[in-house]
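Visitor: If it helps, the file is called work24.txt and holds compact mmCIF, C-alpha atoms and all ligand atoms:
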# COMPACT_ATOMS: atom_id res chain seq x y z
CA MET W 683 71.49 77.40 91.52
CA ASN W 684 71.73 81.18 91.49
CA HIS W 685 73.02 83.26 94.34
CA GLU W 686 74.99 86.50 94.46
CA ILE W 687 78.03 84.87 96.10
CA LEU W 688 78.05 81.95 93.65
CA ASP W 689 77.98 84.43 90.79
CA LEU W 690 81.23 85.95 92.12
CA PHE W 691 82.87 82.52 92.41
CA ARG W 692 81.79 81.67 88.85
CA ARG W 693 83.09 84.96 87.46
CA ARG W 694 86.56 84.83 89.09
CA TYR W 695 89.24 83.17 87.05
CA ALA W 696 93.01 83.05 86.97
CA CYS W 697 94.04 85.89 84.66
CA HIS W 698 97.26 85.16 82.76
CA SER W 699 97.54 88.48 80.91
CA PHE W 700 96.71 91.90 82.35
CA LEU W 701 96.15 95.21 80.55
CA ARG W 702 99.33 97.09 81.30
CA ASP W 703 97.96 100.62 81.16
CA ARG W 704 95.15 100.30 83.72
CA THR W 705 95.55 101.37 87.32
CA ILE W 706 93.43 100.40 90.30
CA ALA W 707 91.27 102.88 92.22
CA GLN W 708 92.32 103.17 95.86
CA ALA W 709 88.72 102.46 96.96
CA ASP W 710 88.69 99.14 95.06
CA LEU W 711 92.07 98.15 96.49
CA HIS W 712 90.73 98.97 99.94
CA VAL W 713 87.84 96.51 99.45
CA VAL W 714 90.31 93.75 98.57
CA LEU W 715 92.61 94.50 101.52
CA GLU W 716 89.65 94.74 103.90
CA ALA W 717 88.45 91.31 102.75
CA GLY W 718 91.88 89.97 103.72
CA ARG W 719 91.90 91.79 107.04
CA LEU W 720 88.47 90.44 108.01
CA SER W 721 89.33 86.84 107.15
CA PRO W 722 89.16 84.12 109.78
CA SER W 723 92.38 82.66 111.20
CA SER W 724 93.32 79.89 113.58
CA PHE W 725 93.28 81.19 117.22
CA GLY W 726 92.43 84.59 115.68
CA LEU W 727 96.14 85.15 115.09
CA GLU W 728 95.86 87.10 111.81
CA HIS W 729 98.88 85.33 110.36
CA TRP W 730 99.19 87.70 107.40
CA LYS W 731 100.78 90.90 106.30
CA PHE W 732 99.94 92.40 102.90
CA LEU W 733 102.56 94.16 100.78
CA VAL W 734 101.26 96.29 97.90
CA VAL W 735 103.89 96.44 95.16
CA THR W 736 103.25 99.02 92.44
CA GLY W 737 106.69 99.96 91.09
CA SER W 738 107.40 98.65 87.58
CA GLU W 739 110.97 97.71 88.46
CA ASP W 740 109.95 95.68 91.51
CA LYS W 741 107.14 94.00 89.54
CA ALA W 742 109.60 93.04 86.80
CA ARG W 743 112.01 91.61 89.37
CA LEU W 744 109.16 89.70 91.04
CA GLN W 745 108.15 88.31 87.64
CA ALA W 746 111.67 86.91 87.26
CA ALA W 747 111.36 85.29 90.71
CA CYS W 748 108.02 83.75 89.64
CA PHE W 749 109.47 81.65 86.80
CA ASN W 750 108.96 84.63 84.53
CA GLN W 751 105.15 84.44 84.61
CA PRO W 752 104.08 87.58 82.69
CA GLN W 753 100.97 88.28 84.75
CA VAL W 754 103.22 89.32 87.64
CA GLY W 755 104.99 92.07 85.70
CA ASP W 756 101.91 93.19 83.74
CA ALA W 757 99.45 93.54 86.62
CA ALA W 758 98.49 96.98 87.86
CA LEU W 759 99.80 95.96 91.25
CA VAL W 760 101.06 92.86 92.97
CA LEU W 761 99.98 91.87 96.45
CA VAL W 762 102.58 89.81 98.26
CA ILE W 763 101.03 88.01 101.19
CA LEU W 764 103.51 87.37 103.98
CA ALA W 765 102.96 84.66 106.57
CA LYS W 766 104.08 85.53 110.10
CA THR W 767 106.34 82.96 111.73
CA ALA W 768 108.37 84.37 114.66
CA ASP W 769 105.37 86.24 116.11
CA LEU W 770 103.54 82.94 116.52
CA HIS W 771 105.97 81.60 119.14
CA PRO W 772 104.13 81.13 122.48
CA ASP W 773 106.44 83.58 124.30
CA THR W 774 105.95 86.62 122.05
CA ASP W 775 103.96 89.71 123.03
CA TYR W 776 102.12 89.35 119.71
CA LEU W 777 100.89 85.88 120.58
CA LYS W 778 99.93 86.75 124.14
CA ALA W 779 98.04 89.90 123.10
CA HIS W 780 96.10 88.03 120.42
CA LEU W 781 95.24 85.08 122.67
CA ALA W 782 94.14 87.49 125.41
CA ARG W 783 91.60 88.97 122.98
CA GLU W 784 90.17 85.56 122.19
CA TYR W 785 90.41 84.18 125.72
CA PRO W 786 89.90 87.02 128.21
CA GLY W 787 90.56 86.86 131.97
CA ALA W 788 91.03 83.48 133.57
CA ALA W 789 90.58 81.70 130.21
CA LEU W 790 93.97 82.96 129.02
CA ALA W 791 96.30 80.70 131.06
CA PRO W 792 94.71 77.38 129.95
CA ALA W 793 94.45 78.67 126.37
CA LEU W 794 98.17 79.50 126.39
CA ASP W 795 98.99 76.01 127.72
CA ASN W 796 96.83 74.50 125.02
CA TYR W 797 98.55 76.69 122.41
CA ARG W 798 102.03 75.62 123.60
CA GLY W 799 101.07 71.99 123.01
CA PHE W 800 99.67 72.80 119.59
CA TYR W 801 102.72 74.88 118.62
CA ALA W 802 105.18 72.13 119.63
CA ASN W 803 103.40 69.66 117.34
CA THR W 804 102.82 71.89 114.33
CA ASP W 805 104.79 72.81 111.23
CA VAL W 806 104.43 76.50 112.01
CA LYS W 807 105.50 77.84 108.60
CA ALA W 808 103.10 75.57 106.71
CA TRP W 809 100.33 76.37 109.19
CA SER W 810 100.86 80.11 108.84
CA ILE W 811 100.94 79.93 105.03
CA SER W 812 97.72 77.92 105.01
CA GLN W 813 96.00 80.65 107.04
CA CYS W 814 97.19 83.25 104.53
CA HIS W 815 95.67 81.24 101.71
CA ILE W 816 92.27 81.63 103.38
CA ALA W 817 92.72 85.41 103.32
CA ALA W 818 93.92 85.22 99.70
CA ALA W 819 90.78 83.34 98.64
CA ASN W 820 88.58 86.00 100.21
CA MET W 821 90.65 88.74 98.56
CA MET W 822 90.26 87.16 95.12
CA THR W 823 86.49 87.00 95.55
CA ALA W 824 86.42 90.60 96.77
CA ALA W 825 88.48 91.62 93.74
CA THR W 826 85.86 90.08 91.46
CA ALA W 827 83.13 91.96 93.33
CA VAL W 828 84.75 95.32 92.48
CA GLY W 829 85.46 94.35 88.86
CA LEU W 830 89.12 93.46 89.31
CA ASP W 831 90.87 90.37 88.01
CA SER W 832 93.52 88.36 89.83
CA CYS W 833 95.77 85.35 89.56
CA ALA W 834 97.04 83.43 92.57
CA ILE W 835 100.73 82.75 92.06
CA GLY W 836 102.19 79.88 94.05
CA GLY W 837 104.96 79.38 91.52
CA PHE W 838 107.72 81.53 92.99
CA LEU W 839 111.16 81.15 94.51
CA PRO W 840 110.81 82.34 98.13
CA ASP W 841 114.39 83.48 98.72
CA PRO W 842 114.63 85.76 95.65
CA VAL W 843 111.22 87.24 96.52
CA LYS W 844 112.45 87.97 100.06
CA ASP W 845 115.61 89.58 98.67
CA ILE W 846 113.72 91.80 96.22
CA LEU W 847 111.34 93.08 98.89
CA GLU W 848 113.89 93.07 101.73
CA ILE W 849 111.76 90.74 103.84
CA ASP W 850 113.12 89.57 107.19
CA GLY W 851 113.14 85.79 106.69
CA ASP W 852 113.26 85.20 110.44
CA ARG W 853 109.84 86.84 110.78
CA TYR W 854 108.01 86.03 107.57
CA GLU W 855 107.54 83.41 104.88
CA ILE W 856 106.16 84.25 101.46
CA ALA W 857 102.63 82.78 101.43
CA LEU W 858 101.30 83.80 98.03
CA ILE W 859 101.76 86.37 95.29
CA LEU W 860 98.56 87.92 94.00
CA PRO W 861 98.69 90.15 90.92
CA LEU W 862 95.61 92.36 90.54
CA GLY W 863 94.38 94.39 87.60
CA TYR W 864 92.18 94.24 84.54
CA CYS W 865 92.45 91.11 82.44
CA ALA W 866 93.32 91.32 78.75
CA GLU W 867 91.77 87.93 78.00
CA ALA W 868 88.24 86.56 78.26
CA ALA W 869 87.26 84.19 81.04
CA PRO W 870 87.93 80.56 80.13
CA GLU W 871 85.41 77.82 80.67
CA LYS W 872 85.21 76.81 84.35
CA LEU W 873 86.57 73.31 84.69
CA ARG W 874 85.40 71.66 87.86
CA LEU W 875 84.42 68.18 88.99
CA PRO W 876 80.68 67.67 89.38
CA MET W 877 79.20 68.01 92.86
CA SER W 878 78.41 64.29 92.85
CA GLU W 879 82.15 63.49 92.84
CA LEU W 880 83.06 65.97 95.52
CA VAL W 881 80.39 65.63 98.15
CA GLU W 882 79.49 62.62 100.19
CA TYR W 883 76.61 62.78 102.66
CA ARG W 884 76.85 60.47 105.64
C1 LIG W 901 97.61 78.49 95.72
C2 LIG W 901 97.49 78.67 94.23
C3 LIG W 901 98.63 78.82 93.48
C4 LIG W 901 98.53 79.06 92.10
N1 LIG W 901 99.68 79.30 91.39
C5 LIG W 901 99.58 79.67 90.08
C6 LIG W 901 100.72 80.06 89.36
O1 LIG W 901 101.85 80.07 89.84
N2 LIG W 901 100.55 80.42 88.05
C7 LIG W 901 99.32 80.43 87.44
O2 LIG W 901 99.24 80.80 86.28
N3 LIG W 901 98.21 80.08 88.13
C8 LIG W 901 98.30 79.70 89.42
N4 LIG W 901 97.18 79.38 90.13
C9 LIG W 901 95.87 79.45 89.45
C10 LIG W 901 95.30 78.07 89.16
O3 LIG W 901 96.02 77.46 88.12
C11 LIG W 901 93.81 78.23 88.80
O4 LIG W 901 93.14 78.79 89.89
C12 LIG W 901 93.17 76.88 88.45
O5 LIG W 901 93.70 76.36 87.26
C13 LIG W 901 91.65 77.01 88.28
O6 LIG W 901 91.33 77.95 87.29
P1 LIG W 901 90.44 79.25 87.62
O7 LIG W 901 91.08 79.94 88.79
O8 LIG W 901 90.54 80.09 86.37
O9 LIG W 901 89.06 78.81 87.93
C14 LIG W 901 97.26 79.10 91.48
C15 LIG W 901 96.12 78.90 92.25
C16 LIG W 901 96.22 78.71 93.61
C17 LIG W 901 94.95 78.56 94.42
As a first step, turn the structure in this file into structure tokens.
Guide:
Amino acid sequence: MNHEILDLFRRRYACHSFLRDRTIAQADLHVVLEAGRLSPSSFGLEHWKFLVVTGSEDKARLQAACFNQPQVGDAALVLVILAKTADLHPDTDYLKAHLAREYPGAALAPALDNYRGFYANTDVKAWSISQCHIAAANMMTAATAVGLDSCAIGGFLPDPVKDILEIDGDRYEIALILPLGYCAEAAPEKLRLPMSELVEYR
């Protein structure tokens, strides 16, 4: 089946080696960041913050914190997606302002009660990171649309990454590292299970 969006999904692949001398146009980076910003999130809480790391020294240090995966140091830039944690507590101004947008007027008080129950029964860090992964997926597709390559990096040591970027660990977790640039290698064959194994109609 052919469709513009499926073509993007088929073209995106995990790039393991980036051309070191290519930089990214600000307009293309903006498309990727905007795709993240517009992503859906549970309760509309926009769990993410996006760090754009361009300095060679920081990229090299991040590579070391990512089990020395070369695509981190070689990429034109590295997006580090942070997952908010402290802001999601039911008593924060951040939480109340965001819920008030989603549930205006009299709807706010019951929504806040509902949220308190949800929060008390949720692994908040894991929940926040999972929301960031949704944004990351959209950003990877957007990168393909503007001719950029990417590689999601989940293989990292969170504490060294926080140290390198001076991240406040009480406020943020590291959700994903996303090098962006122009790939030095051709796209590999797409290896996926057939639809018949993945989908069950009931
Ligand atoms: C959350 C997540 C974490 C990943 N972490 C890594 C990683 O640390 N290193 C790596 O080379 N690829 C990583 N990948 C890329 C996957 O290996 C890759 O997407 C998968 O093998 C499918 O290949 P494709 O993306 O080329 O279609 C990650 C992908 C996701 C979604």
Visitor: Residues within 12 Å of ligand LIG 901 (chain W), counting all atoms listed in the file: report them as a count of residues only.
Guide: 59
Visitor: So that I can see what lies close to Arg783 of chain W, please list as a short mmCIF file (atom, residue, chain, number, x, y, z; two decimals) with C-alpha atoms, keeping the file's coordinate frame the residues with an atom at most 10 Å from it, counting all atoms listed in the file and leaving out residues fewer than 6 positions away in the same chain.
Guide:
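Saved file part13.cif follows:
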data_model
loop_
_atom_site.label_atom_id
_atom_site.label_comp_id
_atom_site.auth_asym_id
_atom_site.auth_seq_id
_atom_site.Cartn_x
_atom_site.Cartn_y
_atom_site.Cartn_z
CA PHE W 725 93.28 81.19 117.22
CA GLY W 726 92.43 84.59 115.68
CA LEU W 727 96.14 85.15 115.09
CA LEU W 790 93.97 82.96 129.02
#
Visitor: Enclose segment 857-874 of chain W, meaning all of its atoms listed in the file, in a box aligned along x, y and z, pad it by 6 Å on each side, and list the centre and edge lengths in Å to one decimal, as AutoDock Vina command-line options.
Guide:
--center_x 93.9 --center_y 83.0 --center_z 89.7 --size_x 29.4 --size_y 34.7 --size_z 35.4
Visitor: Please determine, counting only C-alpha atoms, which residue among W:Leu759, W:Leu794, W:Ala789, W:Leu777 has the shortest atom-to-atom distance to Leu744 of chain W.
Guide: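 Closest residue, counting only C-alpha atoms: W:Leu759.
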Visitor: Pick from W:Leu688, W:Ala746, W:Ala808, W:Ala758: nearest to Ile706 of chain W, with all atoms listed in the file counted?
Guide: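 Among W:Leu688, W:Ala746, W:Ala808, W:Ala758, it is W:Ala758 that comes nearest to Ile706 of chain W.
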Visitor: Which residue gives the smallest distance to Leu781 of chain W among W:Asn803, W:Thr767, W:Asn684, W:Ser724, with all atoms listed in the file counted?
Guide: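 Looking only at the distances to Leu781 of chain W, the closest residue turns out to be W:Ser724.
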Visitor: Could you please fill out segment 708-719 of chain W with all heavy atoms and send it back as a PDB file, in the coordinates of the input?
Guide:
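That gives us out05.pdb:
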ATOM      1  N   GLN W 708      91.976 103.454  94.461  1.00  0.00           N
ATOM      2  CA  GLN W 708      92.320 103.170  95.860  1.00  0.00           C
ATOM      3  C   GLN W 708      91.130 102.539  96.595  1.00  0.00           C
ATOM      4  O   GLN W 708      91.305 101.636  97.415  1.00  0.00           O
ATOM      5  CB  GLN W 708      92.761 104.473  96.539  1.00  0.00           C
ATOM      6  CG  GLN W 708      93.387 104.305  97.920  1.00  0.00           C
ATOM      7  CD  GLN W 708      94.655 103.439  97.929  1.00  0.00           C
ATOM      8  OE1 GLN W 708      95.463 103.499  97.001  1.00  0.00           O
ATOM      9  NE2 GLN W 708      94.808 102.616  98.969  1.00  0.00           N
ATOM     10  N   ALA W 709      89.899 102.993  96.272  1.00  0.00           N
ATOM     11  CA  ALA W 709      88.720 102.460  96.960  1.00  0.00           C
ATOM     12  C   ALA W 709      88.531 100.979  96.661  1.00  0.00           C
ATOM     13  O   ALA W 709      88.137 100.194  97.534  1.00  0.00           O
ATOM     14  CB  ALA W 709      87.475 103.243  96.544  1.00  0.00           C
ATOM     15  N   ASP W 710      88.822 100.562  95.422  1.00  0.00           N
ATOM     16  CA  ASP W 710      88.690  99.140  95.060  1.00  0.00           C
ATOM     17  C   ASP W 710      89.772  98.312  95.755  1.00  0.00           C
ATOM     18  O   ASP W 710      89.507  97.216  96.264  1.00  0.00           O
ATOM     19  CB  ASP W 710      88.799  98.969  93.537  1.00  0.00           C
ATOM     20  CG  ASP W 710      87.587  99.549  92.812  1.00  0.00           C
ATOM     21  OD1 ASP W 710      86.538  99.738  93.466  1.00  0.00           O
ATOM     22  OD2 ASP W 710      87.691  99.814  91.605  1.00  0.00           O
ATOM     23  N   LEU W 711      90.990  98.853  95.780  1.00  0.00           N
ATOM     24  CA  LEU W 711      92.070  98.150  96.490  1.00  0.00           C
ATOM     25  C   LEU W 711      91.710  97.988  97.960  1.00  0.00           C
ATOM     26  O   LEU W 711      91.936  96.930  98.560  1.00  0.00           O
ATOM     27  CB  LEU W 711      93.385  98.911  96.329  1.00  0.00           C
ATOM     28  CG  LEU W 711      94.570  98.371  97.133  1.00  0.00           C
ATOM     29  CD1 LEU W 711      94.898  96.936  96.717  1.00  0.00           C
ATOM     30  CD2 LEU W 711      95.795  99.269  96.966  1.00  0.00           C
ATOM     31  N   HIS W 712      91.099  99.025  98.519  1.00  0.00           N
ATOM     32  CA  HIS W 712      90.730  98.970  99.940  1.00  0.00           C
ATOM     33  C   HIS W 712      89.753  97.813 100.205  1.00  0.00           C
ATOM     34  O   HIS W 712      89.877  97.112 101.215  1.00  0.00           O
ATOM     35  CB  HIS W 712      90.110 100.303 100.376  1.00  0.00           C
ATOM     36  CG  HIS W 712      89.673 100.289 101.797  1.00  0.00           C
ATOM     37  ND1 HIS W 712      90.549 100.435 102.857  1.00  0.00           N
ATOM     38  CD2 HIS W 712      88.461 100.080 102.355  1.00  0.00           C
ATOM     39  CE1 HIS W 712      89.893 100.338 103.989  1.00  0.00           C
ATOM     40  NE2 HIS W 712      88.618 100.123 103.716  1.00  0.00           N
ATOM     41  N   VAL W 713      88.808  97.612  99.283  1.00  0.00           N
ATOM     42  CA  VAL W 713      87.840  96.510  99.450  1.00  0.00           C
ATOM     43  C   VAL W 713      88.579  95.169  99.512  1.00  0.00           C
ATOM     44  O   VAL W 713      88.297  94.306 100.351  1.00  0.00           O
ATOM     45  CB  VAL W 713      86.791  96.519  98.308  1.00  0.00           C
ATOM     46  CG1 VAL W 713      85.933  95.258  98.339  1.00  0.00           C
ATOM     47  CG2 VAL W 713      85.921  97.764  98.401  1.00  0.00           C
ATOM     48  N   VAL W 714      89.550  95.007  98.624  1.00  0.00           N
ATOM     49  CA  VAL W 714      90.310  93.750  98.570  1.00  0.00           C
ATOM     50  C   VAL W 714      91.113  93.554  99.868  1.00  0.00           C
ATOM     51  O   VAL W 714      91.105  92.469 100.474  1.00  0.00           O
ATOM     52  CB  VAL W 714      91.255  93.739  97.349  1.00  0.00           C
ATOM     53  CG1 VAL W 714      92.146  92.506  97.353  1.00  0.00           C
ATOM     54  CG2 VAL W 714      90.445  93.819  96.051  1.00  0.00           C
ATOM     55  N   LEU W 715      91.786  94.609 100.306  1.00  0.00           N
ATOM     56  CA  LEU W 715      92.610  94.500 101.520  1.00  0.00           C
ATOM     57  C   LEU W 715      91.733  94.263 102.749  1.00  0.00           C
ATOM     58  O   LEU W 715      92.103  93.494 103.656  1.00  0.00           O
ATOM     59  CB  LEU W 715      93.441  95.776 101.703  1.00  0.00           C
ATOM     60  CG  LEU W 715      94.512  96.016 100.634  1.00  0.00           C
ATOM     61  CD1 LEU W 715      95.138  97.401 100.785  1.00  0.00           C
ATOM     62  CD2 LEU W 715      95.607  94.940 100.701  1.00  0.00           C
ATOM     63  N   GLU W 716      90.568  94.910 102.754  1.00  0.00           N
ATOM     64  CA  GLU W 716      89.650  94.740 103.900  1.00  0.00           C
ATOM     65  C   GLU W 716      89.114  93.301 103.949  1.00  0.00           C
ATOM     66  O   GLU W 716      88.956  92.740 105.040  1.00  0.00           O
ATOM     67  CB  GLU W 716      88.515  95.770 103.780  1.00  0.00           C
ATOM     68  CG  GLU W 716      87.549  95.822 104.939  1.00  0.00           C
ATOM     69  CD  GLU W 716      88.119  96.378 106.248  1.00  0.00           C
ATOM     70  OE1 GLU W 716      89.349  96.439 106.403  1.00  0.00           O
ATOM     71  OE2 GLU W 716      87.311  96.699 107.128  1.00  0.00           O
ATOM     72  N   ALA W 717      88.891  92.712 102.783  1.00  0.00           N
ATOM     73  CA  ALA W 717      88.450  91.310 102.750  1.00  0.00           C
ATOM     74  C   ALA W 717      89.523  90.413 103.366  1.00  0.00           C
ATOM     75  O   ALA W 717      89.219  89.454 104.075  1.00  0.00           O
ATOM     76  CB  ALA W 717      88.160  90.879 101.314  1.00  0.00           C
ATOM     77  N   GLY W 718      90.794  90.731 103.100  1.00  0.00           N
ATOM     78  CA  GLY W 718      91.880  89.970 103.720  1.00  0.00           C
ATOM     79  C   GLY W 718      91.924  90.192 105.217  1.00  0.00           C
ATOM     80  O   GLY W 718      92.018  89.248 106.007  1.00  0.00           O
ATOM     81  N   ARG W 719      91.797  91.449 105.615  1.00  0.00           N
ATOM     82  CA  ARG W 719      91.900  91.790 107.040  1.00  0.00           C
ATOM     83  C   ARG W 719      90.801  91.121 107.862  1.00  0.00           C
ATOM     84  O   ARG W 719      91.010  90.725 109.013  1.00  0.00           O
ATOM     85  CB  ARG W 719      91.807  93.312 107.201  1.00  0.00           C
ATOM     86  CG  ARG W 719      92.138  93.828 108.582  1.00  0.00           C
ATOM     87  CD  ARG W 719      92.058  95.345 108.631  1.00  0.00           C
ATOM     88  NE  ARG W 719      90.700  95.851 108.663  1.00  0.00           N
ATOM     89  CZ  ARG W 719      89.995  96.075 109.779  1.00  0.00           C
ATOM     90  NH1 ARG W 719      90.548  95.862 110.947  1.00  0.00           N
ATOM     91  NH2 ARG W 719      88.760  96.519 109.712  1.00  0.00           N
TER      92      ARG W 719
END
